[in-house]
file structure_25.cif (mmCIF, C-alpha atoms)
data_entry
loop_
_atom_site.label_atom_id
_atom_site.label_comp_id
_atom_site.auth_asym_id
_atom_site.auth_seq_id
_atom_site.Cartn_x
_atom_site.Cartn_y
_atom_site.Cartn_z
CA MET Z 24 200.01 46.19 147.24
CA GLU Z 25 200.76 47.55 143.79
CA LEU Z 26 204.14 49.08 143.05
CA THR Z 27 203.52 52.80 142.57
CA PHE Z 28 205.75 55.80 143.01
CA THR Z 29 204.97 59.34 144.09
CA PRO Z 30 205.99 62.10 141.68
CA ALA Z 31 208.99 62.90 143.91
CA GLU Z 32 210.08 59.24 144.00
CA ARG Z 33 209.62 58.98 140.23
CA LEU Z 34 211.80 62.06 139.66
CA SER Z 35 214.46 60.75 142.03
CA LEU Z 36 214.52 57.34 140.34
CA LEU Z 37 214.74 58.92 136.89
CA MET Z 38 217.64 61.13 138.00
CA GLN Z 39 219.44 58.15 139.54
CA ALA Z 40 218.91 56.12 136.37
CA ASP Z 41 220.33 59.03 134.35
CA GLN Z 42 223.39 59.15 136.62
CA LEU Z 43 223.93 55.40 136.42
CA GLU Z 44 223.58 55.48 132.65
CA ALA Z 45 226.00 58.41 132.32
CA SER Z 46 228.59 56.72 134.54
CA GLY Z 47 229.06 53.92 132.02
CA VAL Z 48 229.54 51.47 134.87
CA SER Z 49 228.14 48.00 134.22
CA HIS Z 50 225.41 47.16 136.70
CA ASP Z 51 222.71 44.55 137.30
CA ILE Z 52 220.04 47.21 136.94
CA ASP Z 53 219.43 48.44 133.41
CA PRO Z 54 218.90 52.21 133.72
CA ALA Z 55 217.40 52.47 130.22
CA PHE Z 56 214.74 49.91 131.18
CA VAL Z 57 214.01 51.72 134.45
CA LYS Z 58 213.53 54.98 132.56
CA LYS Z 59 211.27 53.39 129.91
CA ALA Z 60 209.14 51.76 132.60
CA LEU Z 61 208.82 54.97 134.61
CA TYR Z 62 208.17 57.24 131.63
CA GLY Z 63 205.57 54.80 130.28
CA GLY Z 64 203.76 54.38 133.60
CA HIS Z 65 204.76 50.73 133.81
CA ASP Z 66 205.89 50.70 137.44
CA TRP Z 67 204.72 47.08 137.68
CA ALA Z 68 207.39 46.10 135.14
CA LEU Z 69 210.16 46.91 137.61
CA ALA Z 70 208.82 44.28 140.01
CA TRP Z 71 208.51 41.76 137.15
CA GLU Z 72 212.06 42.33 135.90
CA MET Z 73 213.79 42.81 139.26
CA SER Z 74 212.40 40.04 141.42
CA GLY Z 75 215.64 40.04 143.41
CA VAL Z 76 214.91 43.60 144.50
CA PHE Z 77 211.15 43.39 144.93
CA GLY Z 78 210.61 39.65 145.52
CA MET Z 79 210.42 39.94 149.30
CA TYR Z 80 207.42 42.23 149.06
CA ASP Z 81 203.89 41.14 148.30
CA ILE Z 82 203.55 43.24 145.14
CA GLU Z 83 200.39 42.70 143.13
CA THR Z 84 200.27 42.97 139.38
CA PRO Z 85 197.62 45.51 138.31
CA GLY Z 86 194.48 43.87 136.93
CA HIS Z 87 194.81 45.33 133.44
CA VAL Z 88 198.39 44.02 133.20
CA SER Z 89 197.34 40.49 134.22
CA PHE Z 90 194.50 40.68 131.71
CA VAL Z 91 196.85 41.66 128.86
CA ALA Z 92 199.32 38.90 129.79
CA ASP Z 93 196.45 36.39 129.82
CA VAL Z 94 195.22 37.63 126.43
CA LEU Z 95 198.71 37.33 124.91
CA ASP Z 96 199.08 33.82 126.37
CA MET Z 97 195.71 32.80 124.94
CA TRP Z 98 196.47 34.20 121.49
CA GLU Z 99 199.87 32.52 121.47
CA PHE Z 100 198.10 29.20 122.08
CA ILE Z 101 195.47 29.96 119.45
CA GLU Z 102 197.97 30.84 116.73
CA GLU Z 103 200.38 27.99 117.47
CA SER Z 104 197.56 25.46 117.73
CA TYR Z 105 196.04 26.54 114.43
CA GLU Z 106 199.41 26.16 112.71
CA VAL Z 107 199.68 22.48 113.68
CA LEU Z 108 196.07 21.54 112.86
CA ASP Z 109 195.53 19.01 110.10
CA PRO Z 110 194.31 20.63 106.87
CA SER Z 111 190.96 18.83 107.21
CA ASP Z 112 190.51 20.25 110.73
CA ARG Z 113 191.33 23.72 109.39
CA ASP Z 114 188.66 23.30 106.71
CA ASP Z 115 186.13 22.12 109.31
CA LEU Z 116 187.00 25.07 111.53
CA LYS Z 117 186.60 27.49 108.65
CA ARG Z 118 183.14 26.08 107.85
CA GLU Z 119 182.09 26.11 111.50
CA LEU Z 120 183.21 29.69 112.10
CA SER Z 121 182.24 31.13 108.72
CA GLY Z 122 181.69 34.83 109.17
CA SER Z 123 182.37 34.91 112.91
CA ALA Z 124 186.18 34.69 112.91
CA ILE Z 125 189.04 35.50 110.57
CA LEU Z 126 191.24 32.54 109.71
CA PRO Z 127 194.08 31.94 110.05
CA PRO Z 128 193.69 33.53 113.47
CA LYS Z 129 196.15 36.35 114.21
CA PHE Z 130 196.15 38.46 117.36
CA PRO Z 131 194.71 41.80 116.27
CA GLY Z 132 195.82 43.82 119.31
CA PHE Z 133 193.92 46.46 121.25
CA ASP Z 134 192.21 49.64 120.06
CA GLY Z 135 194.75 52.45 120.14
CA ASN Z 136 192.05 55.07 120.66
CA ASN Z 137 189.86 53.50 123.33
CA GLU Z 138 192.05 50.73 124.78
CA SER Z 139 195.40 52.50 124.79
CA GLU Z 140 196.24 51.42 128.34
CA TYR Z 141 195.96 47.77 127.27
CA MET Z 142 197.85 48.39 124.03
CA SER Z 143 200.64 50.15 125.92
CA VAL Z 144 201.03 47.21 128.31
CA ALA Z 145 201.04 44.72 125.42
CA SER Z 146 203.68 46.74 123.59
CA PHE Z 147 205.83 47.03 126.72
CA LEU Z 148 205.58 43.30 127.46
CA VAL Z 149 206.45 42.31 123.90
CA ASN Z 150 208.90 44.97 122.77
CA ASP Z 151 210.62 46.09 125.97
CA MET Z 152 210.45 43.03 128.21
CA GLY Z 153 210.75 40.34 125.53
CA ARG Z 154 207.64 38.51 126.74
CA PHE Z 155 205.66 36.77 123.99
CA SER Z 156 208.15 38.33 121.58
CA GLU Z 157 208.56 35.26 119.37
CA SER Z 158 204.88 35.45 118.55
CA PHE Z 159 204.12 39.17 118.51
CA ARG Z 160 207.30 41.22 117.97
CA SER Z 161 207.31 43.38 114.84
CA ARG Z 162 203.51 43.34 114.65
CA SER Z 163 201.17 46.24 115.05
CA LEU Z 164 199.34 45.82 118.33
CA ASN Z 165 196.64 48.32 117.32
CA SER Z 166 193.44 46.56 116.30
CA HIS Z 167 191.76 49.86 115.35
CA TYR Z 168 188.55 48.55 116.92
CA PRO Z 169 187.46 47.74 120.49
CA ALA Z 170 188.60 44.22 121.38
CA VAL Z 171 188.63 43.94 125.19
CA ASP Z 172 185.05 42.70 125.57
CA GLY Z 173 185.63 39.98 122.97
CA TYR Z 174 188.87 38.92 124.67
CA ARG Z 175 187.04 38.66 128.00
CA ARG Z 176 184.51 36.27 126.41
CA MET Z 177 187.29 34.27 124.77
CA LEU Z 178 189.29 34.09 128.01
CA ARG Z 179 186.34 32.63 129.91
CA VAL Z 180 186.34 29.71 127.47
CA PHE Z 181 190.13 29.48 127.21
CA ASP Z 182 190.64 29.47 131.00
CA SER Z 183 188.40 26.42 131.39
CA VAL Z 184 190.39 24.61 128.67
CA ARG Z 185 193.84 25.88 129.77
CA GLU Z 186 193.68 23.93 133.03
CA ARG Z 187 193.55 20.65 131.08
CA LEU Z 188 196.03 21.45 128.31
CA GLY Z 189 199.31 20.53 129.92
CA THR Z 190 201.82 20.66 127.06
CA ARG Z 191 199.42 19.87 124.22
CA MET Z 192 198.00 22.34 121.73
CA LEU Z 193 194.34 23.29 121.41
CA ASN Z 194 192.29 20.97 119.22
CA ARG Z 195 189.79 22.01 116.55
CA ASP Z 196 186.78 21.94 118.87
CA GLU Z 197 188.57 23.99 121.52
CA LEU Z 198 189.69 26.53 118.92
CA ALA Z 199 186.13 26.76 117.61
CA SER Z 200 184.77 27.37 121.12
CA ILE Z 201 187.33 30.06 121.91
CA LEU Z 202 187.22 31.86 118.57
CA GLY Z 203 183.44 31.69 118.46
CA ALA Z 204 182.96 33.13 121.96
#

call {"tool": "encode", "arguments": {"input": "structure_25.cif", "output": "structure tokens"}}
result
Amino acid sequence: MELTFTPAERLSLLMQADQLEASGVSHDIDPAFVKKALYGGHDWALAWEMSGVFGMYDIETPGHVSFVADVLDMWEFIEESYEVLDPSDRDDLKRELSGSAILPPKFPGFDGNNESEYMSVASFLVNDMGRFSESFRSRSLNSHYPAVDGYRRMLRVFDSVRERLGTRMLNRDELASILGA
């Protein structure tokens, strides 16, 4: 089951978070985070951040949230792997992908007009939850063009490689396959 709240539950939770925040009492639950999650429609984030509260329940992550997390994970691998490539491998990659990919590869984000649900999740993960923040904080996550279909193609290739990666980075051929998908 997904974690969702009725309008009445949402209002009650927001009022309780306001009261907790106004009390000034230190607590394990961060009322500011609860309010941001609820106002932004990121109910799923409460289960992610408060596993002690929700861990006993079989709460599913919404599909679009899992997709965004997978995309951020993939792009983190792509960017970090490119950074440690030998210069000759970078040159080979540039020749192989000429015109089909921008190098050095940088996560462009999601389209703010047509993929705003994905962009909102990415922003919440990075800026409010601190996930993938070393790689993507202080970047615009708005690609200004549709990107989801391309990420789906890239993920199909990345997922088959990811299983075998362990702790190593992507090599030139793997980067070429993913970026060229």

call {"tool": "closest_residue", "arguments": {"input": "structure_25.cif", "among": "Z:Gly64, Z:Pro128, Z:Asn194, Z:Ser143", "to": "Leu108 of chain Z", "atoms": "only C-alpha atoms"}}
result
Z:Asn194

call {"tool": "resolve_selection", "arguments": {"input": "structure_25.cif", "expression": "the PyMOL selection byres ((chain Z and resi 103-106) around 10)", "output": "ChimeraX atom specification"}}
result
/Z:98-102,107-110,112-113,116,126-129,158,191-195,197-198

call {"tool": "resolve_selection", "arguments": {"input": "structure_25.cif", "expression": "the PyMOL selection byres ((chain Z and resi 173-181) around 8)", "output": "list of chain:residue names"}}
result
Z:Asp93, Z:Val94, Z:Met97, Z:Ala170, Z:Val171, Z:Asp172, Z:Asp182, Z:Ser183, Z:Val184, Z:Arg185, Z:Ser200, Z:Ile201, Z:Leu202, Z:Gly203, Z:Ala204

call {"tool": "write_last_selection", "arguments": {"input": "structure_25.cif", "atoms": "C-alpha atoms", "output": "mmCIF file, keeping the file's coordinate frame"}}
result
data_model
loop_
_atom_site.group_PDB
_atom_site.id
_atom_site.type_symbol
_atom_site.label_atom_id
_atom_site.label_comp_id
_atom_site.auth_asym_id
_atom_site.auth_seq_id
_atom_site.Cartn_x
_atom_site.Cartn_y
_atom_site.Cartn_z
ATOM 1 C CA ASP Z 93 196.450 36.390 129.820
ATOM 2 C CA VAL Z 94 195.220 37.630 126.430
ATOM 3 C CA MET Z 97 195.710 32.800 124.940
ATOM 4 C CA ALA Z 170 188.600 44.220 121.380
ATOM 5 C CA VAL Z 171 188.630 43.940 125.190
ATOM 6 C CA ASP Z 172 185.050 42.700 125.570
ATOM 7 C CA ASP Z 182 190.640 29.470 131.000
ATOM 8 C CA SER Z 183 188.400 26.420 131.390
ATOM 9 C CA VAL Z 184 190.390 24.610 128.670
ATOM 10 C CA ARG Z 185 193.840 25.880 129.770
ATOM 11 C CA SER Z 200 184.770 27.370 121.120
ATOM 12 C CA ILE Z 201 187.330 30.060 121.910
ATOM 13 C CA LEU Z 202 187.220 31.860 118.570
ATOM 14 C CA GLY Z 203 183.440 31.690 118.460
ATOM 15 C CA ALA Z 204 182.960 33.130 121.960
#

call {"tool": "residues_around", "arguments": {"input": "structure_25.cif", "residues": "Thr27 of chain Z", "least_positions_apart": "6", "cutoff": "10 Å", "atoms": "all atoms listed in the file", "output": "PyMOL selection string"}}
result
chain Z and resi 33+61+64-67+82

call {"tool": "resolve_selection", "arguments": {"input": "structure_25.cif", "expression": "the PyMOL selection byres ((chain Z and resi 41) around 12)", "output": "PyMOL selection string"}}
result
chain Z and resi 34-40+42-48+53-59

call {"tool": "residues_around", "arguments": {"input": "structure_25.cif", "residues": "Gly75 of chain Z", "least_positions_apart": "5", "cutoff": "12 Å", "atoms": "all atoms listed in the file", "output": "ChimeraX atom specification"}}
result
/Z:51-52,69-70,80

call {"tool": "residues_around", "arguments": {"input": "structure_25.cif", "residues": "Met142 of chain Z", "least_positions_apart": "5", "cutoff": "9 Å", "atoms": "only C-alpha atoms", "output": "VMD selection string"}}
result
chain Z and resid 91 132 to 135 147 164 to 165

call {"tool": "atom_distance", "arguments": {"input": "structure_25.cif", "atom1": "atom CA of Val149 of chain Z", "atom2": "atom CA of Gly86 of chain Z"}}
result
17.8 Å

call {"tool": "closest_residue", "arguments": {"input": "structure_25.cif", "among": "Z:Val76, Z:Met24, Z:Ala60, Z:Ala145", "to": "Phe130 of chain Z", "atoms": "only C-alpha atoms"}}
result
Z:Ala145

call {"tool": "atom_distance", "arguments": {"input": "structure_25.cif", "atom1": "atom CA of Thr84 of chain Z", "atom2": "atom CA of His167 of chain Z"}}
result
26.4 Å

call {"tool": "closest_residue", "arguments": {"input": "structure_25.cif", "among": "Z:Leu95, Z:Arg118, Z:Glu140, Z:Gly189", "to": "Phe155 of chain Z", "atoms": "only C-alpha atoms"}}
result
Z:Leu95

call {"tool": "atom_distance", "arguments": {"input": "structure_25.cif", "atom1": "atom CA of Pro85 of chain Z", "atom2": "atom CA of Trp71 of chain Z"}}
result
11.6 Å

call {"tool": "closest_residue", "arguments": {"input": "structure_25.cif", "among": "Z:Ser49, Z:Ser121, Z:Glu25, Z:Asp96", "to": "Phe77 of chain Z", "atoms": "all atoms listed in the file"}}
result
Z:Glu25

call {"tool": "decode", "arguments": {"input": "structure_25.cif", "residues": "segment 108-131 of chain Z", "atoms": "N, CA and C atoms", "output": "short mmCIF file (atom, residue, chain, number, x, y, z; two decimals), in the first residue's frame"}}
result
data_model
loop_
_atom_site.label_atom_id
_atom_site.label_comp_id
_atom_site.auth_asym_id
_atom_site.auth_seq_id
_atom_site.Cartn_x
_atom_site.Cartn_y
_atom_site.Cartn_z
N LEU Z 108 37.61 8.48 -15.87
CA LEU Z 108 38.08 7.87 -17.12
C LEU Z 108 39.43 8.44 -17.52
N ASP Z 109 40.26 7.61 -18.12
CA ASP Z 109 41.51 8.09 -18.70
C ASP Z 109 41.18 9.08 -19.82
N PRO Z 110 42.05 10.06 -20.02
CA PRO Z 110 41.81 11.03 -21.10
C PRO Z 110 41.62 10.37 -22.47
N SER Z 111 42.35 9.30 -22.73
CA SER Z 111 42.20 8.62 -24.04
C SER Z 111 40.81 7.99 -24.16
N ASP Z 112 40.30 7.43 -23.05
CA ASP Z 112 38.95 6.87 -23.07
C ASP Z 112 37.90 7.96 -23.25
N ARG Z 113 38.14 9.12 -22.66
CA ARG Z 113 37.22 10.26 -22.85
C ARG Z 113 37.18 10.67 -24.32
N ASP Z 114 38.37 10.73 -24.94
CA ASP Z 114 38.44 11.09 -26.36
C ASP Z 114 37.70 10.06 -27.22
N ASP Z 115 37.92 8.77 -26.92
CA ASP Z 115 37.23 7.71 -27.66
C ASP Z 115 35.71 7.83 -27.49
N LEU Z 116 35.29 8.10 -26.28
CA LEU Z 116 33.86 8.24 -25.99
C LEU Z 116 33.27 9.42 -26.75
N LYS Z 117 34.01 10.50 -26.78
CA LYS Z 117 33.55 11.70 -27.50
C LYS Z 117 33.38 11.39 -28.99
N ARG Z 118 34.35 10.68 -29.56
CA ARG Z 118 34.26 10.32 -30.98
C ARG Z 118 33.07 9.38 -31.23
N GLU Z 119 32.93 8.39 -30.34
CA GLU Z 119 31.87 7.40 -30.52
C GLU Z 119 30.47 8.01 -30.40
N LEU Z 120 30.33 8.98 -29.51
CA LEU Z 120 29.01 9.57 -29.26
C LEU Z 120 28.80 10.90 -29.96
N SER Z 121 29.68 11.25 -30.86
CA SER Z 121 29.60 12.58 -31.48
C SER Z 121 28.19 12.89 -31.96
N GLY Z 122 27.66 13.98 -31.43
CA GLY Z 122 26.33 14.42 -31.82
C GLY Z 122 25.18 13.80 -31.06
N SER Z 123 25.40 12.65 -30.41
CA SER Z 123 24.27 12.00 -29.72
C SER Z 123 24.27 12.23 -28.22
N ALA Z 124 25.34 12.78 -27.66
CA ALA Z 124 25.39 13.04 -26.22
C ALA Z 124 26.30 14.23 -25.95
N ILE Z 125 25.99 14.96 -24.92
CA ILE Z 125 26.81 16.11 -24.52
C ILE Z 125 27.83 15.63 -23.49
N LEU Z 126 29.08 15.94 -23.75
CA LEU Z 126 30.15 15.54 -22.83
C LEU Z 126 30.86 16.78 -22.32
N PRO Z 127 31.30 16.82 -21.10
CA PRO Z 127 31.12 15.79 -20.08
C PRO Z 127 29.64 15.67 -19.71
N PRO Z 128 29.22 14.43 -19.40
CA PRO Z 128 27.81 14.22 -19.09
C PRO Z 128 27.42 14.85 -17.76
N LYS Z 129 26.35 15.61 -17.76
CA LYS Z 129 25.80 16.23 -16.55
C LYS Z 129 24.30 15.99 -16.56
N PHE Z 130 23.77 15.55 -15.43
CA PHE Z 130 22.33 15.30 -15.31
C PHE Z 130 21.55 16.57 -15.63
N PRO Z 131 20.72 16.53 -16.68
CA PRO Z 131 20.00 17.74 -17.07
C PRO Z 131 18.73 18.00 -16.29
#
